[in-house]
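J.: Just so it is clear, I am handing over my_file-v1.txt, which has compact mmCIF, C-alpha atoms and all ligand atoms.
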```txt
# COMPACT_ATOMS: atom_id res chain seq x y z
CA MET A 1 -9.53 -27.15 52.73
CA ASP A 2 -9.05 -29.61 55.55
CA PHE A 3 -10.31 -33.08 54.72
CA ARG A 4 -11.37 -35.37 57.54
CA PHE A 5 -12.41 -38.99 57.24
CA THR A 6 -15.45 -40.59 58.89
CA ALA A 7 -14.77 -43.28 61.52
CA GLU A 8 -15.40 -45.97 58.88
CA GLU A 9 -13.06 -44.31 56.39
CA GLU A 10 -10.42 -43.91 59.08
CA ALA A 11 -10.71 -47.63 59.92
CA PHE A 12 -10.17 -48.47 56.25
CA ARG A 13 -7.17 -46.12 56.08
CA LYS A 14 -5.67 -47.91 59.07
CA GLU A 15 -6.27 -51.30 57.47
CA VAL A 16 -4.35 -50.16 54.37
CA HIS A 17 -1.62 -48.66 56.54
CA ASP A 18 -1.14 -51.84 58.58
CA PHE A 19 -1.20 -54.05 55.48
CA VAL A 20 1.49 -52.02 53.72
CA ASP A 21 3.55 -51.77 56.88
CA LYS A 22 3.54 -55.56 57.31
CA GLU A 23 3.72 -56.81 53.72
CA CYS A 24 5.35 -54.30 51.37
CA PRO A 25 9.07 -55.07 50.82
CA LYS A 26 11.27 -52.23 52.11
CA GLU A 27 13.35 -51.98 48.92
CA ILE A 28 10.36 -50.85 46.85
CA ARG A 29 9.26 -48.30 49.43
CA GLY A 30 10.75 -44.86 49.12
CA GLY A 31 9.35 -43.32 45.96
CA GLY A 32 11.10 -42.88 42.62
CA VAL A 33 11.81 -46.61 42.57
CA ASN A 34 13.32 -48.07 39.43
CA PHE A 35 10.78 -50.81 38.97
CA PHE A 36 12.81 -52.45 36.27
CA GLU A 37 15.66 -53.06 38.71
CA GLU A 38 13.35 -54.21 41.48
CA ALA A 39 10.94 -56.39 39.54
CA GLY A 40 11.36 -59.34 41.96
CA SER A 41 10.25 -57.37 45.04
CA LEU A 42 7.44 -55.84 43.05
CA MET A 43 6.16 -59.28 42.07
CA ALA A 44 6.30 -60.41 45.73
CA TRP A 45 4.25 -57.35 46.71
CA ARG A 46 1.83 -57.99 43.87
CA LYS A 47 1.21 -61.51 45.23
CA LYS A 48 0.42 -60.13 48.69
CA VAL A 49 -1.96 -57.56 47.23
CA ALA A 50 -3.65 -60.29 45.16
CA GLU A 51 -4.13 -62.43 48.29
CA LYS A 52 -5.71 -59.44 50.03
CA GLY A 53 -8.10 -59.00 47.05
CA TRP A 54 -6.93 -55.45 46.30
CA VAL A 55 -5.30 -55.90 42.86
CA ALA A 56 -8.25 -54.26 41.14
CA PRO A 57 -9.56 -51.67 43.63
CA ALA A 58 -12.27 -50.32 41.31
CA TRP A 59 -13.55 -53.51 39.71
CA PRO A 60 -16.89 -54.99 40.79
CA LYS A 61 -16.76 -57.87 43.31
CA GLU A 62 -18.49 -60.24 40.86
CA TYR A 63 -15.37 -60.05 38.67
CA GLY A 64 -12.99 -60.48 41.59
CA GLY A 65 -12.33 -56.78 42.13
CA ALA A 66 -12.34 -54.98 45.48
CA SER A 67 -15.46 -52.93 44.62
CA MET A 68 -14.01 -49.95 46.48
CA SER A 69 -16.04 -46.75 46.47
CA ILE A 70 -14.39 -43.66 44.95
CA MET A 71 -13.62 -42.48 48.49
CA GLN A 72 -12.03 -45.81 49.39
CA GLN A 73 -9.95 -45.78 46.19
CA PHE A 74 -8.86 -42.29 47.11
CA ILE A 75 -7.90 -43.37 50.65
CA TYR A 76 -6.16 -46.47 49.28
CA SER A 77 -4.08 -44.48 46.75
CA MET A 78 -3.29 -41.80 49.30
CA GLU A 79 -2.20 -44.27 51.96
CA LEU A 80 -0.01 -46.19 49.49
CA ALA A 81 1.65 -42.91 48.58
CA LYS A 82 2.04 -41.86 52.21
CA MET A 83 3.64 -45.18 53.04
CA ARG A 84 5.87 -44.73 49.97
CA ALA A 85 4.58 -48.02 48.54
CA PRO A 86 4.24 -48.44 44.75
CA ALA A 87 1.03 -46.97 43.35
CA SER A 88 -1.65 -49.52 42.46
CA ILE A 89 -0.89 -49.11 38.71
CA PHE A 90 2.48 -50.78 39.41
CA VAL A 91 0.71 -53.76 40.95
CA GLY A 92 -2.07 -54.39 38.44
CA GLY A 93 -0.49 -52.60 35.49
CA LEU A 94 -2.39 -51.74 32.36
CA ALA A 95 -4.19 -55.08 32.60
CA VAL A 96 -6.11 -53.81 35.62
CA ALA A 97 -6.27 -50.12 34.73
CA VAL A 98 -7.43 -50.33 31.12
CA ILE A 99 -7.62 -53.80 29.64
CA GLY A 100 -9.67 -55.61 32.29
CA PRO A 101 -12.33 -52.86 32.43
CA THR A 102 -12.57 -52.97 28.62
CA ILE A 103 -13.16 -56.72 28.69
CA ILE A 104 -15.63 -56.40 31.57
CA ILE A 105 -17.65 -53.74 29.76
CA TYR A 106 -17.46 -54.98 26.16
CA GLY A 107 -16.27 -58.60 26.28
CA THR A 108 -18.37 -61.74 25.85
CA GLU A 109 -18.90 -64.12 28.79
CA GLU A 110 -16.26 -66.46 27.28
CA GLN A 111 -13.74 -63.61 26.98
CA LYS A 112 -14.37 -62.58 30.58
CA LYS A 113 -13.98 -66.17 31.83
CA GLU A 114 -10.79 -66.65 29.86
CA HIS A 115 -9.01 -63.40 30.70
CA ILE A 116 -10.26 -61.84 33.93
CA PRO A 117 -9.20 -64.50 36.51
CA PRO A 118 -5.58 -64.75 35.25
CA ILE A 119 -5.29 -60.93 35.30
CA LEU A 120 -6.44 -60.85 38.93
CA ALA A 121 -4.14 -63.69 39.89
CA GLY A 122 -1.24 -61.78 38.34
CA GLU A 123 -0.66 -64.66 35.91
CA THR A 124 -0.96 -62.71 32.65
CA MET A 125 0.57 -59.44 31.57
CA TRP A 126 -0.93 -57.27 28.84
CA CYS A 127 0.23 -54.44 26.67
CA GLN A 128 -1.70 -51.74 24.89
CA GLY A 129 -1.26 -51.55 21.11
CA PHE A 130 -2.56 -48.09 20.25
CA SER A 131 0.22 -45.71 19.09
CA GLU A 132 1.86 -46.04 15.69
CA PRO A 133 4.79 -44.20 14.12
CA GLY A 134 2.39 -41.76 12.43
CA SER A 135 -0.42 -41.82 15.01
CA GLY A 136 -0.01 -40.78 18.63
CA SER A 137 -1.93 -37.65 19.57
CA ASP A 138 -4.10 -38.18 16.51
CA LEU A 139 -4.73 -41.80 17.45
CA ALA A 140 -7.78 -42.22 15.22
CA SER A 141 -5.55 -41.90 12.14
CA LEU A 142 -3.90 -45.28 12.87
CA GLN A 143 -3.18 -47.55 9.92
CA THR A 144 -2.68 -51.09 11.24
CA ARG A 145 -5.21 -53.21 9.35
CA ALA A 146 -7.36 -56.13 10.51
CA VAL A 147 -9.10 -57.84 7.58
CA ARG A 148 -11.82 -60.44 8.08
CA ASP A 149 -11.00 -63.73 6.35
CA GLY A 150 -13.48 -66.53 7.08
CA ASP A 151 -13.40 -67.26 10.82
CA ASP A 152 -10.25 -65.18 11.31
CA TYR A 153 -8.94 -61.65 11.14
CA VAL A 154 -5.57 -61.10 9.48
CA ILE A 155 -3.48 -58.28 10.93
CA ASN A 156 -0.75 -56.26 9.22
CA GLY A 157 0.97 -53.12 10.46
CA GLN A 158 3.15 -51.68 13.21
CA LYS A 159 2.76 -50.33 16.72
CA ILE A 160 5.31 -48.28 18.66
CA TRP A 161 6.09 -47.25 22.26
CA THR A 162 4.33 -50.42 23.40
CA THR A 163 5.10 -50.60 27.11
CA LEU A 164 6.13 -54.06 28.34
CA ALA A 165 5.22 -55.79 25.04
CA HIS A 166 8.31 -57.96 25.56
CA MET A 167 6.93 -59.30 28.85
CA SER A 168 3.25 -59.58 27.90
CA GLN A 169 1.23 -62.61 26.90
CA TYR A 170 -1.49 -60.51 25.24
CA MET A 171 -2.00 -57.20 23.52
CA LEU A 172 -5.19 -55.16 23.42
CA LEU A 173 -4.93 -53.95 19.83
CA LEU A 174 -6.73 -51.08 18.16
CA ALA A 175 -6.78 -51.68 14.38
CA ARG A 176 -8.55 -50.39 11.30
CA THR A 177 -11.32 -52.67 10.08
CA ASP A 178 -13.03 -50.29 7.64
CA PRO A 179 -10.59 -48.13 5.66
CA ASP A 180 -13.42 -46.40 3.78
CA ALA A 181 -15.26 -45.12 6.86
CA PRO A 182 -14.42 -41.76 8.51
CA LYS A 183 -11.32 -42.30 10.66
CA HIS A 184 -13.11 -42.62 14.03
CA LYS A 185 -15.66 -45.05 12.65
CA GLY A 186 -13.54 -47.81 11.15
CA LEU A 187 -11.59 -49.03 14.19
CA SER A 188 -11.99 -52.23 16.25
CA TYR A 189 -10.55 -53.73 19.41
CA PHE A 190 -8.86 -57.16 19.41
CA VAL A 191 -7.08 -59.51 21.77
CA VAL A 192 -3.79 -60.61 20.17
CA PRO A 193 -1.71 -63.39 21.77
CA MET A 194 1.87 -62.14 21.66
CA ASP A 195 3.11 -65.59 20.65
CA ALA A 196 0.93 -65.69 17.50
CA PRO A 197 3.01 -66.38 14.33
CA GLY A 198 3.90 -63.09 12.58
CA VAL A 199 4.13 -60.95 15.76
CA GLU A 200 7.61 -59.51 16.19
CA VAL A 201 8.66 -57.42 19.20
CA ARG A 202 11.73 -55.20 18.85
CA PRO A 203 13.11 -53.41 21.91
CA LEU A 204 13.39 -49.64 22.26
CA MET A 205 15.63 -48.43 25.08
CA ASN A 206 14.62 -45.22 26.82
CA MET A 207 17.20 -42.71 28.01
CA THR A 208 17.31 -44.11 31.55
CA GLY A 209 18.79 -47.24 29.93
CA SER A 210 15.65 -49.26 30.77
CA HIS A 211 13.91 -51.54 28.34
CA GLU A 212 10.40 -50.32 28.99
CA PHE A 213 8.80 -49.98 25.59
CA ASN A 214 9.02 -51.63 22.14
CA GLU A 215 8.08 -51.62 18.51
CA VAL A 216 5.68 -54.40 17.55
CA TYR A 217 5.34 -55.60 13.96
CA PHE A 218 2.45 -57.66 12.56
CA GLU A 219 2.90 -59.65 9.38
CA ASP A 220 -0.15 -61.67 8.31
CA VAL A 221 -0.99 -62.40 11.94
CA ARG A 222 -4.07 -64.61 12.04
CA ILE A 223 -6.37 -64.44 15.07
CA PRO A 224 -9.81 -66.02 15.50
CA ALA A 225 -12.75 -63.68 14.87
CA SER A 226 -13.85 -64.47 18.43
CA ASN A 227 -10.93 -62.27 19.60
CA LEU A 228 -12.85 -59.15 18.53
CA ILE A 229 -13.85 -57.18 21.65
CA GLY A 230 -17.25 -55.55 21.36
CA GLU A 231 -18.69 -54.48 18.02
CA GLU A 232 -16.69 -54.23 14.81
CA ASN A 233 -15.94 -50.62 13.86
CA ARG A 234 -16.97 -49.30 17.31
CA GLY A 235 -13.44 -49.59 18.72
CA TRP A 236 -12.83 -45.84 18.94
CA TYR A 237 -15.87 -45.24 21.11
CA GLN A 238 -14.96 -48.20 23.30
CA ALA A 239 -11.38 -46.93 23.60
CA VAL A 240 -12.55 -43.49 24.68
CA THR A 241 -14.71 -44.98 27.45
CA THR A 242 -11.89 -47.06 28.83
CA LEU A 243 -8.92 -44.72 28.39
CA ASP A 244 -9.42 -43.17 31.83
CA ILE A 245 -6.81 -44.71 34.03
CA GLU A 246 -6.39 -43.08 37.41
CA ARG A 247 -7.94 -39.77 36.67
CA SER A 248 -7.67 -38.18 40.07
CA ASN A 249 -3.90 -38.64 40.20
CA ILE A 250 -4.14 -38.38 43.97
CA GLY A 251 -1.46 -40.99 44.58
CA SER A 252 0.95 -39.02 42.46
CA ALA A 253 0.14 -35.74 44.24
CA VAL A 254 0.75 -37.21 47.72
CA GLY A 255 3.91 -38.94 46.46
CA GLN A 256 5.22 -35.66 45.04
CA GLN A 257 4.58 -33.85 48.30
CA GLN A 258 6.51 -36.46 50.22
CA HIS A 259 9.30 -36.36 47.69
CA VAL A 260 9.69 -32.61 48.29
CA GLU A 261 9.62 -33.19 52.06
CA ASP A 262 12.39 -35.82 51.67
CA MET A 263 14.42 -33.32 49.65
CA ALA A 264 13.96 -30.68 52.36
CA LYS A 265 15.09 -33.18 55.01
CA TYR A 266 18.17 -34.04 52.98
CA ALA A 267 18.95 -30.35 52.43
CA SER A 268 18.75 -29.57 56.12
CA GLU A 269 20.96 -32.52 57.09
CA HIS A 270 23.75 -32.36 54.50
CA LYS A 271 26.74 -30.09 54.08
CA SER A 272 27.70 -29.06 50.60
CA ASN A 273 30.91 -30.23 49.00
CA GLY A 274 33.48 -27.44 49.18
CA ASP A 275 32.29 -24.38 51.06
CA GLY A 276 31.24 -26.28 54.21
CA GLY A 277 27.74 -24.77 54.24
CA TYR A 278 24.51 -26.70 53.97
CA VAL A 279 23.39 -27.80 50.50
CA VAL A 280 20.39 -25.59 50.99
CA ARG A 281 21.80 -22.49 49.32
CA PRO A 282 19.36 -19.55 49.07
CA SER A 283 18.39 -20.41 45.50
CA ILE A 284 17.68 -24.05 46.41
CA ARG A 285 15.83 -22.99 49.54
CA PHE A 286 13.44 -20.88 47.47
CA GLU A 287 13.03 -23.59 44.85
CA LEU A 288 12.14 -26.13 47.54
CA VAL A 289 9.49 -23.76 48.86
CA ASP A 290 8.09 -23.25 45.36
CA ARG A 291 7.95 -27.02 44.75
CA TYR A 292 6.20 -27.52 48.10
CA VAL A 293 3.56 -24.90 47.29
CA GLU A 294 3.09 -26.45 43.86
CA THR A 295 2.45 -29.88 45.39
CA GLU A 296 -0.35 -28.24 47.40
CA VAL A 297 -1.83 -26.99 44.11
CA ALA A 298 -1.55 -30.49 42.62
CA MET A 299 -3.33 -31.89 45.69
CA ALA A 300 -6.16 -29.36 45.36
CA LEU A 301 -6.60 -30.10 41.64
CA SER A 302 -6.63 -33.84 42.39
CA MET A 303 -9.15 -33.41 45.20
CA ARG A 304 -11.46 -31.63 42.80
CA VAL A 305 -11.45 -34.63 40.47
CA VAL A 306 -12.01 -37.06 43.36
CA THR A 307 -14.95 -35.11 44.71
CA MET A 308 -16.49 -34.92 41.23
CA GLN A 309 -16.13 -38.69 40.85
CA ALA A 310 -17.62 -39.25 44.31
CA LYS A 311 -20.68 -37.28 43.11
CA GLU A 312 -20.78 -39.47 40.00
CA MET A 313 -19.83 -36.55 37.75
CA ILE A 314 -17.40 -37.33 34.92
CA PRO A 315 -14.27 -35.18 35.13
CA ASN A 316 -13.26 -33.87 31.76
CA TYR A 317 -10.98 -30.84 31.36
CA GLU A 318 -10.47 -31.06 35.15
CA ALA A 319 -8.64 -34.40 34.66
CA ALA A 320 -6.59 -32.89 31.82
CA ALA A 321 -5.60 -30.00 34.11
CA VAL A 322 -4.38 -32.44 36.80
CA LYS A 323 -2.39 -34.48 34.27
CA LEU A 324 -0.84 -31.35 32.76
CA TYR A 325 0.05 -29.71 36.06
CA SER A 326 1.31 -32.80 37.91
CA MET A 327 3.48 -34.11 35.10
CA GLU A 328 5.16 -30.75 34.49
CA LEU A 329 5.61 -30.46 38.25
CA ALA A 330 7.31 -33.89 38.27
CA GLN A 331 9.93 -32.45 35.93
CA ARG A 332 10.41 -29.31 38.05
CA ILE A 333 10.85 -31.43 41.19
CA ALA A 334 13.41 -33.66 39.47
CA ASN A 335 15.25 -30.54 38.27
CA THR A 336 15.40 -28.99 41.73
CA GLU A 337 16.61 -32.26 43.20
CA LEU A 338 19.50 -32.55 40.78
CA LYS A 339 20.44 -28.91 41.33
CA MET A 340 20.41 -29.48 45.07
CA LEU A 341 22.72 -32.49 44.79
CA GLY A 342 25.19 -30.69 42.54
CA LEU A 343 27.92 -32.99 41.24
CA TYR A 344 26.53 -35.91 43.26
CA GLY A 345 23.22 -35.76 41.40
CA PRO A 346 24.09 -37.70 38.24
CA LEU A 347 25.70 -40.58 40.15
CA GLY A 348 23.87 -43.89 39.86
CA ARG A 349 23.82 -46.78 42.28
CA GLY A 350 27.25 -48.05 41.31
CA SER A 351 29.17 -45.22 43.01
CA LYS A 352 30.13 -44.97 46.69
CA TYR A 353 29.29 -41.26 46.51
CA THR A 354 25.73 -41.90 45.39
CA GLN A 355 23.11 -39.91 47.27
CA MET A 356 19.47 -40.73 47.96
CA ASN A 357 19.86 -44.32 46.81
CA GLY A 358 20.82 -43.24 43.28
CA ARG A 359 17.23 -42.41 42.41
CA PRO A 360 17.42 -38.69 41.52
CA MET A 361 19.09 -39.20 38.14
CA PHE A 362 16.70 -41.97 37.17
CA GLY A 363 13.77 -39.78 38.24
CA TYR A 364 15.17 -36.80 36.30
CA LEU A 365 15.54 -38.76 33.07
CA ARG A 366 12.30 -40.73 33.41
CA SER A 367 10.22 -37.63 34.17
CA VAL A 368 10.85 -36.38 30.63
CA ALA A 369 8.40 -39.01 29.39
CA ASN A 370 5.73 -37.92 31.89
CA THR A 371 4.59 -35.07 29.66
CA ILE A 372 4.31 -37.39 26.63
CA GLU A 373 2.84 -40.69 27.88
CA GLY A 374 -0.92 -40.85 28.27
CA GLY A 375 -1.37 -37.70 26.13
CA THR A 376 1.13 -34.86 25.73
CA SER A 377 1.02 -31.56 27.60
CA GLU A 378 0.01 -29.76 24.41
CA ILE A 379 -2.98 -32.06 24.03
CA GLN A 380 -3.97 -31.49 27.68
CA ARG A 381 -3.66 -27.71 27.14
CA ASN A 382 -5.91 -27.97 24.10
CA ILE A 383 -8.52 -29.85 26.15
CA VAL A 384 -8.47 -27.25 28.93
CA ALA A 385 -8.50 -24.42 26.37
CA GLN A 386 -11.55 -25.72 24.52
CA ARG A 387 -13.60 -27.44 27.19
CA GLY A 388 -12.50 -25.50 30.27
CA LEU A 389 -12.05 -21.98 28.90
CA GLY A 390 -14.39 -22.26 25.93
CA LEU A 391 -11.71 -21.09 23.48
CA PRO A 392 -12.32 -21.92 19.83
CA LYS A 393 -10.70 -25.00 18.28
CA GLU A 394 -7.35 -24.22 16.66
C1 LIG A 401 6.94 -43.77 28.41
C2 LIG A 401 5.89 -43.93 27.35
C3 LIG A 401 5.10 -45.06 27.34
C4 LIG A 401 4.13 -45.24 26.35
N1 LIG A 401 3.39 -46.40 26.35
C5 LIG A 401 2.51 -46.62 25.35
C6 LIG A 401 1.80 -47.85 25.26
O1 LIG A 401 1.97 -48.77 26.09
N2 LIG A 401 0.95 -48.06 24.23
C7 LIG A 401 0.73 -47.09 23.29
O2 LIG A 401 -0.08 -47.34 22.39
N3 LIG A 401 1.38 -45.90 23.33
C8 LIG A 401 2.28 -45.65 24.33
N4 LIG A 401 2.98 -44.47 24.37
C9 LIG A 401 2.80 -43.51 23.29
C10 LIG A 401 2.11 -42.22 23.69
O3 LIG A 401 0.72 -42.43 23.87
C11 LIG A 401 2.39 -41.21 22.56
O4 LIG A 401 3.79 -40.99 22.55
C12 LIG A 401 1.69 -39.89 22.78
O5 LIG A 401 0.30 -40.02 22.66
C13 LIG A 401 2.18 -38.83 21.78
O6 LIG A 401 2.13 -39.31 20.48
P1 LIG A 401 3.41 -39.22 19.50
O7 LIG A 401 4.59 -39.73 20.25
O8 LIG A 401 3.04 -39.85 18.21
O9 LIG A 401 3.65 -37.67 19.28
P2 LIG A 401 2.86 -36.74 18.25
O10 LIG A 401 1.41 -36.93 18.41
O11 LIG A 401 3.45 -36.91 16.90
O12 LIG A 401 3.24 -35.32 18.80
C14 LIG A 401 4.50 -34.66 18.50
C15 LIG A 401 4.46 -33.28 19.12
O13 LIG A 401 3.40 -32.51 18.51
C16 LIG A 401 2.51 -32.04 19.51
N5 LIG A 401 1.13 -32.07 19.00
C17 LIG A 401 0.50 -33.10 18.38
N6 LIG A 401 -0.77 -32.77 18.07
C18 LIG A 401 -0.95 -31.50 18.52
C19 LIG A 401 -2.05 -30.59 18.52
N7 LIG A 401 -3.25 -30.94 18.00
N8 LIG A 401 -1.88 -29.37 19.07
C20 LIG A 401 -0.68 -29.01 19.62
N9 LIG A 401 0.40 -29.83 19.64
C21 LIG A 401 0.27 -31.05 19.12
C22 LIG A 401 2.65 -33.02 20.67
O14 LIG A 401 2.24 -32.44 21.90
C23 LIG A 401 4.14 -33.31 20.62
O15 LIG A 401 4.87 -32.30 21.26
C24 LIG A 401 3.94 -44.25 25.35
C25 LIG A 401 4.74 -43.09 25.37
C26 LIG A 401 5.71 -42.93 26.34
C27 LIG A 401 6.57 -41.69 26.32
```
Let me see the structure of the file written as structure tokens.
Ligand SMILES: Cc1cc2nc3c(=O)[nH]c(=O)nc-3n(C[C@H](O)[C@H](O)[C@H](O)COP(=O)(O)OP(=O)(O)OC[C@H]3O[C@@H](n4cnc5c(N)ncnc54)[C@H](O)[C@@H]3O)c2cc1C
T.:
Amino acid sequence: MDFRFTAEEEAFRKEVHDFVDKECPKEIRGGGVNFFEEAGSLMAWRKKVAEKGWVAPAWPKEYGGASMSIMQQFIYSMELAKMRAPASIFVGGLAVAVIGPTIIIYGTEEQKKEHIPPILAGETMWCQGFSEPGSGSDLASLQTRAVRDGDDYVINGQKIWTTLAHMSQYMLLLARTDPDAPKHKGLSYFVVPMDAPGVEVRPLMNMTGSHEFNEVYFEDVRIPASNLIGEENRGWYQAVTTLDIERSNIGSAVGQQQHVEDMAKYASEHKSNGDGGYVVRPSIRFELVDRYVETEVAMALSMRVVTMQAKEMIPNYEAAAVKLYSMELAQRIANTELKMLGLYGPLGRGSKYTQMNGRPMFGYLRSVANTIEGGTSEIQRNIVAQRGLGLPKE
């Protein structure tokens, strides 16, 4: 496959290229960036993207989005990745990827007026309150309760793994409103202000040492009934419609390919410590080739999803296959990189011997979560098994 852009598409690609080249701070370009260490530069970039009107590439213009076609979104993501700029999810976050679209589709006019402009201006951050200690893959079994009491709902329960809850002003909460209904039919969506009395956020550190996610406790948290999004007890169906984040994963595929190319460049330029040869020992040489070929596979799988979307088809097991393959590949790439660097690999930024800006170790540790977040590899395999291969349900 050899994809070529039309003249119009090429002009758009160049516009993205020039914009990134001029405005994106150098310290957050280079892939594998630790966004928790470089939050300031990321915020500066976010402001530039907001001024350009590209914070929400897929949203309709009437809500302040960029109204990009699928092809333009594809070009945009690909060019960001090629320029080693942060993917658009790091600019808009969950607020743009999941929460805004939910409010646009299911929210009232008042809810849209209140929440959409601050999201686009980068003034509010949101977190997603779905997973609970006993409910991750089987999300519909969640137990956090929201009970109607006059003009309010009263919330009690606990969420876990809530990314950036400690920095968010709002949570999009999925809670049980009808405990007697079958599990998928008794859930509802709510907006919860994180400063409401009774909300407690407790940090969870991940193994990179970053404070990325949290536990969130609700004790008799009272929110106005007008904070219900959409219909009561239809939350599951609404959640399913809006859970698709960046299904094509094209940005990640291009980024991975460039990461492998960077590794190959490093390997061909550096001598190993000790025997005087290049770090590219035969075993590493072959691994680098394997990783490169695998990034081509990830690209092809991603292209399939993009072309389906461009034809207005809804990718299903195809999107699960991309997620499964790319996230497991991310771990293999991180593994090869650490092997290549030998004893230098685990060194962080504090050491004078640090290689590749101290990112490999962070990438290695962080990639472990890739096959869990957004649905585990086992769940993706089940989707491909049932819907792609037609195998019976377990
Ligand atoms: C970095 C990170 C960020 C996250 N951010 C958020 C967030 O912001 N908001 C939020 O709500 N959640 C978030 N999560 C939670 C994430 O969605 C869940 O961790 C994930 O869905 C898995 O659920 P679980 O952890 O409860 O594991 P479980 O569902 O308990 O799974 C445990 C193991 O059993 C396997 N398993 C489960 N069911 C099956 C099955 N049917 N067949 C085969 N194997 C199965 C799983 O694959 C896994 O290996 C985040 C997770 C991570 C790692």
J.: Residues contacting ligand LIG 401 (chain A) - anything with an atom at most 10 Å away, using all atoms listed in the file - can you give me those as a PyMOL selection string?
T.: chain A and resi 94+126-139+159-165+171-174+206+212-215+366-383+393-394
J.: Just to confirm, what's the straight-line distance from CA of Ala95 (chain A) to CA of Glu123 (chain A) in Å (one decimal)?
T.: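 Between CA of Ala95 (chain A) and CA of Glu123 (chain A) the gap is 10.7 Å.
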J.: With all atoms listed in the file as the basis for distance, which of A:Val55, A:Ala253, A:Val49, A:Met303 is at the shortest distance from Lys22 (chain A)?
T.: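 The answer is A:Val49, which sits nearest to Lys22 (chain A).
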J.: Would you mind telling me which residue in A:Val305, A:Leu187, A:Met167, A:Met43 lies nearest to Gln238 (chain A) when using only C-alpha atoms?
T.: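 Of A:Val305, A:Leu187, A:Met167, A:Met43, the one nearest Gln238 (chain A) is A:Leu187, counting only C-alpha atoms.
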J.: Could you list, as a ChimeraX atom specification, every residue within 12 Å of Ala239 (chain A), counting all atoms listed in the file and ignoring same-chain residues fewer than 3 positions away?
T.: /A:98-99,101-103,105-106,128-130,139-140,172-175,184-185,187-190,229-231,233-236,242-245
J.: Could you tell me how far CA of Phe218 (chain A) sits from CA of Asn156 (chain A), in Å to one decimal place?
T.: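 Interatomic distance here is 4.8 Å.
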J.: Which residues are close to Lys339 (chain A), i.e. within 12 Å by all atoms listed in the file, leaving aside same-chain residues fewer than 2 positions away? Reply as a count of residues only.
T.: 26
J.: If we count all atoms listed in the file, what is near Ser77 (chain A) at a cut-off of 9 Å, once residues fewer than 2 positions away on the same chain are taken out, given as a ChimeraX atom specification?
T.: /A:72-75,79-82,87-88,249-252,254
J.: Got time to write the residues from that selection, C-alpha atoms, as a tab-separated table (two decimals), in the frame of the given file?
T.:
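Listing of part_1.tsv after writing:
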```
chain	number	residue	atom	x	y	z
A	72	GLN	CA	-12.03	-45.81	49.39
A	73	GLN	CA	-9.95	-45.78	46.19
A	74	PHE	CA	-8.86	-42.29	47.11
A	75	ILE	CA	-7.90	-43.37	50.65
A	79	GLU	CA	-2.20	-44.27	51.96
A	80	LEU	CA	-0.01	-46.19	49.49
A	81	ALA	CA	1.65	-42.91	48.58
A	82	LYS	CA	2.04	-41.86	52.21
A	87	ALA	CA	1.03	-46.97	43.35
A	88	SER	CA	-1.65	-49.52	42.46
A	249	ASN	CA	-3.90	-38.64	40.20
A	250	ILE	CA	-4.14	-38.38	43.97
A	251	GLY	CA	-1.46	-40.99	44.58
A	252	SER	CA	0.95	-39.02	42.46
A	254	VAL	CA	0.75	-37.21	47.72
```
J.: CA of Ala58 (chain A) to CA of Ile70 (chain A): how many Å, to one decimal?
T.: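 Computed distance, CA of Ala58 (chain A) to CA of Ile70 (chain A), equals 7.9 Å.
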J.: Scan for residues within 10 Å of the point (-6.5, -62.3, 47.4) in the coordinates of the file, using all atoms listed in the file, and reply as a list in words.
T.: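 Checking each residue against the 10 Å limit leaves Lys47, Lys48, Val49, Ala50, Glu51, Lys52, Gly53, Trp54, Val55, Gly64, Gly65, Ala66, Leu120 and Ala121 of chain A.
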J.: Nearest residue to Val147 (chain A) out of A:Pro224, A:Gly107, A:Gly122, A:Pro117, using all atoms listed in the file?
T.: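 For Val147 (chain A), the nearest of the candidates is A:Pro224.
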J.: If you count all atoms listed in the file, which residues fall within 8 Å of Met83 (chain A), apart from same-chain ones fewer than 5 positions away, as a list of chain:residue names?
T.: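 Returned residues: A:His17, A:Val20, A:Asp21, A:Arg29.
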J.: Which residue, A:Gln386, A:Gln257, A:Ser141, A:Ser326, has the smallest gap to Arg84 (chain A) when you use only C-alpha atoms?
T.: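 Closest to Arg84 (chain A) of all the choices is A:Gln257.
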J.: Could you tell me which of A:His115, A:Arg222, A:Lys323, A:Arg176 comes closest to Val384 (chain A) if we count only C-alpha atoms?
T.: A:Lys323
